[in-house]
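K.L.:
Next up, query_12.txt (compact mmCIF, C-alpha atoms).
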# COMPACT_ATOMS: atom_id res chain seq x y z
CA GLU Y 1 -7.81 0.25 -21.06
CA ASN Y 2 -10.95 -1.23 -19.41
CA ASN Y 3 -12.72 -1.19 -22.79
CA LYS Y 4 -12.12 2.55 -23.17
CA LEU Y 5 -9.91 4.41 -25.56
CA LYS Y 6 -7.68 6.85 -23.69
CA PHE Y 7 -5.39 9.48 -25.13
CA SER Y 8 -2.39 10.74 -23.21
CA LYS Y 9 1.11 11.99 -23.73
CA ILE Y 10 3.57 9.24 -24.52
CA GLU Y 11 5.56 8.24 -21.47
CA THR Y 12 9.23 8.45 -22.28
CA GLU Y 13 10.14 6.43 -19.22
CA THR Y 14 8.98 3.02 -18.18
CA GLN Y 15 8.01 2.34 -14.60
CA LYS Y 16 10.64 3.61 -12.20
CA GLU Y 17 11.70 0.69 -10.05
CA TYR Y 18 12.54 1.60 -6.49
CA CYS Y 19 13.05 0.13 -3.04
CA VAL Y 20 13.46 2.47 -0.08
CA LYS Y 21 13.72 1.79 3.64
CA VAL Y 22 10.63 2.97 5.50
CA GLU Y 23 11.02 5.95 7.77
CA GLU Y 24 8.40 8.20 9.32
CA LYS Y 25 8.40 10.16 6.05
CA THR Y 26 9.24 7.96 3.08
CA ILE Y 27 9.68 9.44 -0.40
CA THR Y 28 9.33 7.35 -3.56
CA PRO Y 29 9.66 8.53 -7.19
CA TYR Y 30 5.87 9.01 -7.31
CA ASN Y 31 4.55 9.87 -3.84
CA THR Y 32 5.41 10.63 -0.24
CA TYR Y 33 4.17 8.28 2.48
CA TYR Y 34 3.87 8.93 6.20
CA PHE Y 35 4.13 6.05 8.68
CA ARG Y 36 2.83 6.74 12.17
CA VAL Y 37 2.67 4.36 15.12
CA VAL Y 38 -0.36 4.89 17.37
CA ASP Y 39 -1.83 2.98 20.28
CA LEU Y 40 -4.98 0.93 19.82
CA ASP Y 41 -7.32 3.49 21.43
CA GLU Y 42 -6.22 6.27 19.07
CA TYR Y 43 -6.58 3.90 16.12
CA LYS Y 44 -10.13 2.95 17.14
CA ASN Y 45 -11.10 6.62 17.50
CA LYS Y 46 -9.69 7.46 14.06
CA GLN Y 47 -11.19 4.30 12.54
CA ASN Y 48 -14.69 5.49 13.45
CA VAL Y 49 -14.09 8.70 11.49
CA HIS Y 50 -12.00 7.41 8.59
CA ASN Y 51 -12.97 4.05 7.09
CA LEU Y 52 -9.91 4.34 4.83
CA LEU Y 53 -7.77 3.38 7.82
CA LEU Y 54 -9.15 -0.14 7.62
CA ASN Y 55 -6.97 -0.75 4.56
CA ASN Y 56 -3.99 1.31 5.71
CA ALA Y 57 -3.46 0.01 9.26
CA ILE Y 58 -0.87 -2.62 10.16
CA ASP Y 59 -0.35 -4.47 13.44
CA TYR Y 60 2.95 -3.01 14.68
CA ASP Y 61 3.91 -6.09 16.71
CA LYS Y 62 3.67 -8.39 13.67
CA ILE Y 63 6.48 -6.53 11.90
CA CYS Y 64 9.72 -8.20 12.95
CA HIS Y 65 12.25 -6.64 10.56
CA SER Y 66 12.85 -3.45 8.66
CA MET Y 67 10.18 -2.42 6.20
CA PHE Y 68 10.79 -1.40 2.61
CA LEU Y 69 8.51 0.47 0.25
CA ARG Y 70 9.05 -0.71 -3.30
CA SER Y 71 7.58 -0.81 -6.76
CA ARG Y 72 5.44 -3.76 -7.79
CA LYS Y 73 7.22 -6.83 -9.18
CA PRO Y 74 5.89 -9.51 -11.53
CA GLY Y 75 4.49 -12.40 -9.50
CA ASP Y 76 3.75 -10.39 -6.33
CA ARG Y 77 1.07 -12.15 -4.28
CA ILE Y 78 -1.01 -11.20 -1.24
CA VAL Y 79 -3.62 -12.78 1.02
CA GLN Y 80 -6.11 -9.96 1.51
CA LYS Y 81 -7.57 -9.20 4.93
CA GLY Y 82 -10.46 -11.50 5.75
CA ARG Y 83 -9.72 -13.87 2.86
CA ARG Y 84 -7.80 -17.09 2.77
CA VAL Y 85 -6.78 -16.99 -0.89
CA ASN Y 86 -3.24 -16.12 -1.97
CA LYS Y 87 -3.82 -14.04 -5.07
CA LYS Y 88 -1.64 -12.22 -7.58
CA VAL Y 89 -1.54 -8.46 -7.10
CA LYS Y 90 -1.95 -8.06 -10.85
CA ALA Y 91 -5.23 -10.03 -10.78
CA ILE Y 92 -6.58 -7.89 -7.93
CA PHE Y 93 -5.69 -4.70 -9.83
CA THR Y 94 -7.56 -6.08 -12.83
CA GLU Y 95 -10.62 -6.91 -10.69
CA LYS Y 96 -10.59 -3.39 -9.21
CA LYS Y 97 -10.20 -1.92 -12.71
CA ILE Y 98 -7.02 -0.06 -11.78
CA GLY Y 99 -5.40 1.23 -14.99
CA LEU Y 100 -1.93 0.29 -16.13
CA TYR Y 101 -0.55 3.80 -15.65
CA GLU Y 102 -1.78 3.94 -12.05
CA ARG Y 103 -0.58 0.42 -11.25
CA ALA Y 104 2.98 1.39 -12.08
CA ARG Y 105 2.84 4.15 -9.46
CA LEU Y 106 1.36 2.17 -6.56
CA ALA Y 107 3.62 1.09 -3.71
CA VAL Y 108 4.17 -2.29 -2.09
CA LEU Y 109 5.26 -2.53 1.55
CA GLU Y 110 7.51 -5.47 2.34
CA SER Y 111 9.04 -6.82 5.54
CA ASN Y 112 11.38 -9.81 5.69
CA GLY Y 113 10.46 -10.80 2.12
CA GLU Y 114 6.70 -10.81 2.80
CA ILE Y 115 4.20 -8.38 1.34
CA VAL Y 116 2.59 -6.49 4.22
CA TRP Y 117 0.49 -3.94 2.33
CA VAL Y 118 -0.28 -2.94 -1.25
CA GLU Y 119 -1.54 0.52 -2.04
CA ASN Y 120 -5.20 0.48 -3.20
CA ILE Y 121 -5.53 -3.16 -2.09
CA GLY Y 122 -4.81 -2.96 1.62
CA VAL Y 123 -3.02 -4.85 4.34
CA ALA Y 124 -2.23 -8.55 4.12
CA ASP Y 125 -4.33 -10.74 6.40
CA ALA Y 126 -1.31 -11.86 8.44
CA PHE Y 127 -0.48 -8.22 9.34
CA SER Y 128 -3.95 -6.80 9.95
CA PRO Y 129 -4.89 -5.55 13.42
CA ASN Y 130 -6.91 -7.93 15.61
CA LYS Y 131 -8.13 -8.22 19.20
CA ASP Y 132 -4.55 -8.74 20.47
CA THR Y 133 -3.16 -5.64 18.74
CA LYS Y 134 -1.54 -3.06 21.02
CA LYS Y 135 0.02 -0.64 18.51
CA VAL Y 136 -0.90 0.15 14.93
CA ILE Y 137 1.09 1.60 12.04
CA ILE Y 138 -1.06 3.98 9.99
CA ILE Y 139 0.00 4.77 6.43
CA ASN Y 140 -0.98 8.05 4.80
CA ARG Y 141 -0.03 9.14 1.30
CA GLU Y 142 0.67 12.59 -0.02
CA VAL Y 143 0.22 12.59 -3.79
CA ASP Y 144 2.42 14.63 -6.09
CA TYR Y 145 0.44 14.91 -9.30
CA HIS Y 146 3.38 16.49 -11.14
CA LYS Y 147 5.58 13.39 -11.01
Render the structure in this file as structure tokens.
P.N.:
Amino acid sequence: ENNKLKFSKIETETQKEYCVKVEEKTITPYNTYYFRVVDLDEYKNKQNVHNLLLNNAIDYDKICHSMFLRSRKPGDRIVQKGRRVNKKVKAIFTEKKIGLYERARLAVLESNGEIVWVENIGVADAFSPNKDTKKVIIINREVDYHK
């Protein structure tokens, strides 16, 4: 993996496929995610402290249907924030040198059949906060290293 030889225990299971409806606390087979809606002022204050929020903040008003957190599927594509290119999630993971084992555990947020956010990649351009944003959804992850 990434031109390195890695030794690990053999995984007896393949990637666990899942799709769960997003709630304030959403549990997947690998991690727990917290979704919090905040107003723009609170987001801006937190943004100054935590640059990680730039990739984990979604414009609340651009979400028109229920959201689902799911495992990655072959062919998933996203237009990253600030870019105009529709790119395969797999290609972005390769560019970022994200290992195969980790890729299988990363979540994809979907609304109305569109990818809104991909863990370790960020929010899709169409759903990123802008000057007209009034409320923001902030995603935080709690990692369970034993799963």
K.L.:
Could you check which of Y:Lys16, Y:Asn3, Y:Val108, Y:Val123 is closest to Y:Arg83, using only C-alpha atoms?
P.N.:
Y:Val123
K.L.:
Can you work out which one of Y:Tyr30, Y:Val79, Y:Asn120, Y:Arg84 has the shortest atom-to-atom distance to Y:Ile98, counting all atoms listed in the file?
P.N.:
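Closest residue, counting all atoms listed in the file: Y:Asn120.
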K.L.:
Looking at only C-alpha atoms, which of Y:Ile27, Y:Leu106, Y:Ala91, Y:Leu40 is the one that sits closest to Y:Asp132?
P.N.:
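Of the candidates, the smallest distance to Y:Asp132 is held by Y:Leu40.
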K.L.:
Could you tell me how far atom CA of Y:Gly75 lies from atom CA of Y:Ile115, in Å and to one decimal?
P.N.:
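Interatomic distance, atom CA of Y:Gly75 to atom CA of Y:Ile115: 11.6 Å.
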K.L.:
Have a look at Y:Ile139, Y:Ala107, Y:Ala126, Y:Val116 and name the one nearest to Y:Ser66; count only C-alpha atoms.
P.N.:
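When distances to Y:Ser66 are compared using only C-alpha atoms, the smallest one comes from Y:Val116.
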K.L.:
Given the choices Y:Ile121, Y:Val38, Y:Leu5, Y:Cys19, which gets closest to Y:Lys88 if the distance is worked out from all atoms listed in the file?
P.N.:
Y:Ile121
K.L.:
Atom CA of Y:Asn112 and atom CA of Y:Phe93 are how many Å apart?
P.N.:
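Separation between atom CA of Y:Asn112 and atom CA of Y:Phe93: 23.6 Å.
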K.L.:
Work out how far atom CA of Y:Lys135 is from atom CA of Y:Glu42, in Å to one decimal.
P.N.:
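Atom-to-atom, atom CA of Y:Glu42 to atom CA of Y:Lys135, that is 9.3 Å.
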K.L.:
Skip Y:Glu102 itself and residues of its chain fewer than 5 positions away, then list as a PyMOL selection string all residues within 12 Å of it, counting all atoms listed in the file.
P.N.:
chain Y and resi 1+15+30-31+71-72+93-94+96-97+107+119-120+145
K.L.:
May I have the protein, DNA and RNA residues with an atom at most 7 Å from (-1.1, -4.4, 17.8), counting only C-alpha atoms in the file's coordinates, returned as a PyMOL selection string?
P.N.:
chain Y and resi 40+59-61+129+132-136
K.L.:
Identify which of the residues Y:Cys64, Y:Ile137, Y:Val85, Y:Leu100 lies closest to Y:Glu114, counting only C-alpha atoms when measuring atom-to-atom distances.
P.N.:
Y:Cys64
K.L.:
Need to verify the contact set: Y:Met67, 7 Å, all atoms listed in the file, exclusion of same-chain residues closer than 3 positions in sequence. Can you return it as a list in words?
P.N.:
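Result of the neighbour search: Lys21, Val22, Leu109, Glu110 and Ser111 of chain Y.
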K.L.:
Can you write out the residues you just picked, keeping C-alpha atoms, as a short mmCIF file (atom, residue, chain, number, x, y, z; two decimals), in the coordinates of the input?
P.N.:
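After the write, result.cif holds the following:
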data_model
loop_
_atom_site.label_atom_id
_atom_site.label_comp_id
_atom_site.auth_asym_id
_atom_site.auth_seq_id
_atom_site.Cartn_x
_atom_site.Cartn_y
_atom_site.Cartn_z
CA LYS Y 21 13.72 1.79 3.64
CA VAL Y 22 10.63 2.97 5.50
CA LEU Y 109 5.26 -2.53 1.55
CA GLU Y 110 7.51 -5.47 2.34
CA SER Y 111 9.04 -6.82 5.54
#
K.L.:
Kindly extract all protein, DNA and RNA residues lying within 10 Å of the coordinates (-12.4, -9.0, 6.8) given in the file, considering only C-alpha atoms, and supply them as a PyMOL selection string.
P.N.:
chain Y and resi 54+80-83+125+128
K.L.:
Could I see stretch 56-81 of chain Y restored to N, CA, C and O atoms, set down as a CSV table (one decimal), in the frame of the given file?
P.N.:
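Result file part-v1.csv:
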chain,number,residue,atom,x,y,z
Y,56,ASN,N,-5.3,0.7,5.6
Y,56,ASN,CA,-4.0,1.3,5.7
Y,56,ASN,C,-3.5,1.2,7.1
Y,56,ASN,O,-2.7,2.0,7.5
Y,57,ALA,N,-3.9,0.2,7.9
Y,57,ALA,CA,-3.5,0.0,9.3
Y,57,ALA,C,-2.8,-1.4,9.4
Y,57,ALA,O,-3.4,-2.4,9.0
Y,58,ILE,N,-1.7,-1.4,10.0
Y,58,ILE,CA,-0.9,-2.6,10.2
Y,58,ILE,C,-0.6,-2.9,11.6
Y,58,ILE,O,-0.3,-1.9,12.4
Y,59,ASP,N,-0.7,-4.1,12.1
Y,59,ASP,CA,-0.4,-4.5,13.4
Y,59,ASP,C,1.2,-4.3,13.6
Y,59,ASP,O,2.0,-5.0,13.0
Y,60,TYR,N,1.5,-3.4,14.5
Y,60,TYR,CA,3.0,-3.0,14.7
Y,60,TYR,C,3.8,-4.2,15.2
Y,60,TYR,O,4.9,-4.4,14.8
Y,61,ASP,N,3.2,-5.0,16.1
Y,61,ASP,CA,3.9,-6.1,16.7
Y,61,ASP,C,4.2,-7.3,15.8
Y,61,ASP,O,5.0,-8.1,16.1
Y,62,LYS,N,3.5,-7.3,14.6
Y,62,LYS,CA,3.7,-8.4,13.7
Y,62,LYS,C,4.8,-8.1,12.7
Y,62,LYS,O,5.2,-9.0,11.9
Y,63,ILE,N,5.3,-6.9,12.7
Y,63,ILE,CA,6.5,-6.5,11.9
Y,63,ILE,C,7.7,-6.9,12.7
Y,63,ILE,O,8.0,-6.3,13.7
Y,64,CYS,N,8.5,-7.8,12.2
Y,64,CYS,CA,9.7,-8.2,13.0
Y,64,CYS,C,11.0,-7.7,12.4
Y,64,CYS,O,12.1,-7.8,13.0
Y,65,HIS,N,11.0,-7.1,11.2
Y,65,HIS,CA,12.2,-6.6,10.6
Y,65,HIS,C,12.0,-5.3,10.0
Y,65,HIS,O,10.9,-4.8,10.0
Y,66,SER,N,13.0,-4.7,9.4
Y,66,SER,CA,12.8,-3.4,8.7
Y,66,SER,C,11.8,-3.6,7.5
Y,66,SER,O,11.6,-4.6,7.0
Y,67,MET,N,11.2,-2.5,7.3
Y,67,MET,CA,10.2,-2.4,6.2
Y,67,MET,C,10.7,-1.6,5.0
Y,67,MET,O,11.5,-0.7,5.2
Y,68,PHE,N,10.4,-2.1,3.8
Y,68,PHE,CA,10.8,-1.4,2.6
Y,68,PHE,C,9.6,-1.1,1.8
Y,68,PHE,O,8.7,-1.9,1.6
Y,69,LEU,N,9.6,0.1,1.2
Y,69,LEU,CA,8.5,0.5,0.2
Y,69,LEU,C,9.1,0.3,-1.1
Y,69,LEU,O,10.2,0.9,-1.4
Y,70,ARG,N,8.4,-0.4,-2.0
Y,70,ARG,CA,9.0,-0.7,-3.3
Y,70,ARG,C,8.0,-0.7,-4.4
Y,70,ARG,O,6.8,-0.7,-4.1
Y,71,SER,N,8.5,-0.7,-5.6
Y,71,SER,CA,7.6,-0.8,-6.8
Y,71,SER,C,7.1,-2.3,-6.9
Y,71,SER,O,7.7,-3.2,-6.3
Y,72,ARG,N,6.0,-2.4,-7.6
Y,72,ARG,CA,5.4,-3.8,-7.8
Y,72,ARG,C,6.4,-4.6,-8.7
Y,72,ARG,O,7.0,-4.1,-9.6
Y,73,LYS,N,6.4,-5.9,-8.4
Y,73,LYS,CA,7.2,-6.8,-9.2
Y,73,LYS,C,6.3,-7.9,-9.8
Y,73,LYS,O,5.3,-8.2,-9.2
Y,74,PRO,N,6.7,-8.4,-11.0
Y,74,PRO,CA,5.9,-9.5,-11.5
Y,74,PRO,C,5.8,-10.7,-10.5
Y,74,PRO,O,6.8,-11.0,-9.9
Y,75,GLY,N,4.6,-11.2,-10.4
Y,75,GLY,CA,4.5,-12.4,-9.5
Y,75,GLY,C,4.2,-12.1,-8.1
Y,75,GLY,O,4.0,-13.0,-7.2
Y,76,ASP,N,4.1,-10.8,-7.7
Y,76,ASP,CA,3.8,-10.4,-6.3
Y,76,ASP,C,2.4,-11.0,-6.0
Y,76,ASP,O,1.5,-11.0,-6.8
Y,77,ARG,N,2.3,-11.5,-4.8
Y,77,ARG,CA,1.1,-12.2,-4.3
Y,77,ARG,C,0.7,-11.6,-2.9
Y,77,ARG,O,1.6,-11.3,-2.1
Y,78,ILE,N,-0.6,-11.6,-2.6
Y,78,ILE,CA,-1.0,-11.2,-1.2
Y,78,ILE,C,-2.3,-12.0,-0.8
Y,78,ILE,O,-3.1,-12.3,-1.7
Y,79,VAL,N,-2.4,-12.2,0.5
Y,79,VAL,CA,-3.6,-12.8,1.0
Y,79,VAL,C,-4.3,-11.6,1.6
Y,79,VAL,O,-3.8,-11.0,2.6
Y,80,GLN,N,-5.4,-11.2,1.0
Y,80,GLN,CA,-6.1,-10.0,1.5
Y,80,GLN,C,-6.8,-10.2,2.9
Y,80,GLN,O,-7.1,-11.3,3.2
Y,81,LYS,N,-6.9,-9.1,3.6
Y,81,LYS,CA,-7.6,-9.2,4.9
Y,81,LYS,C,-8.9,-9.9,4.8
Y,81,LYS,O,-9.8,-9.5,4.0
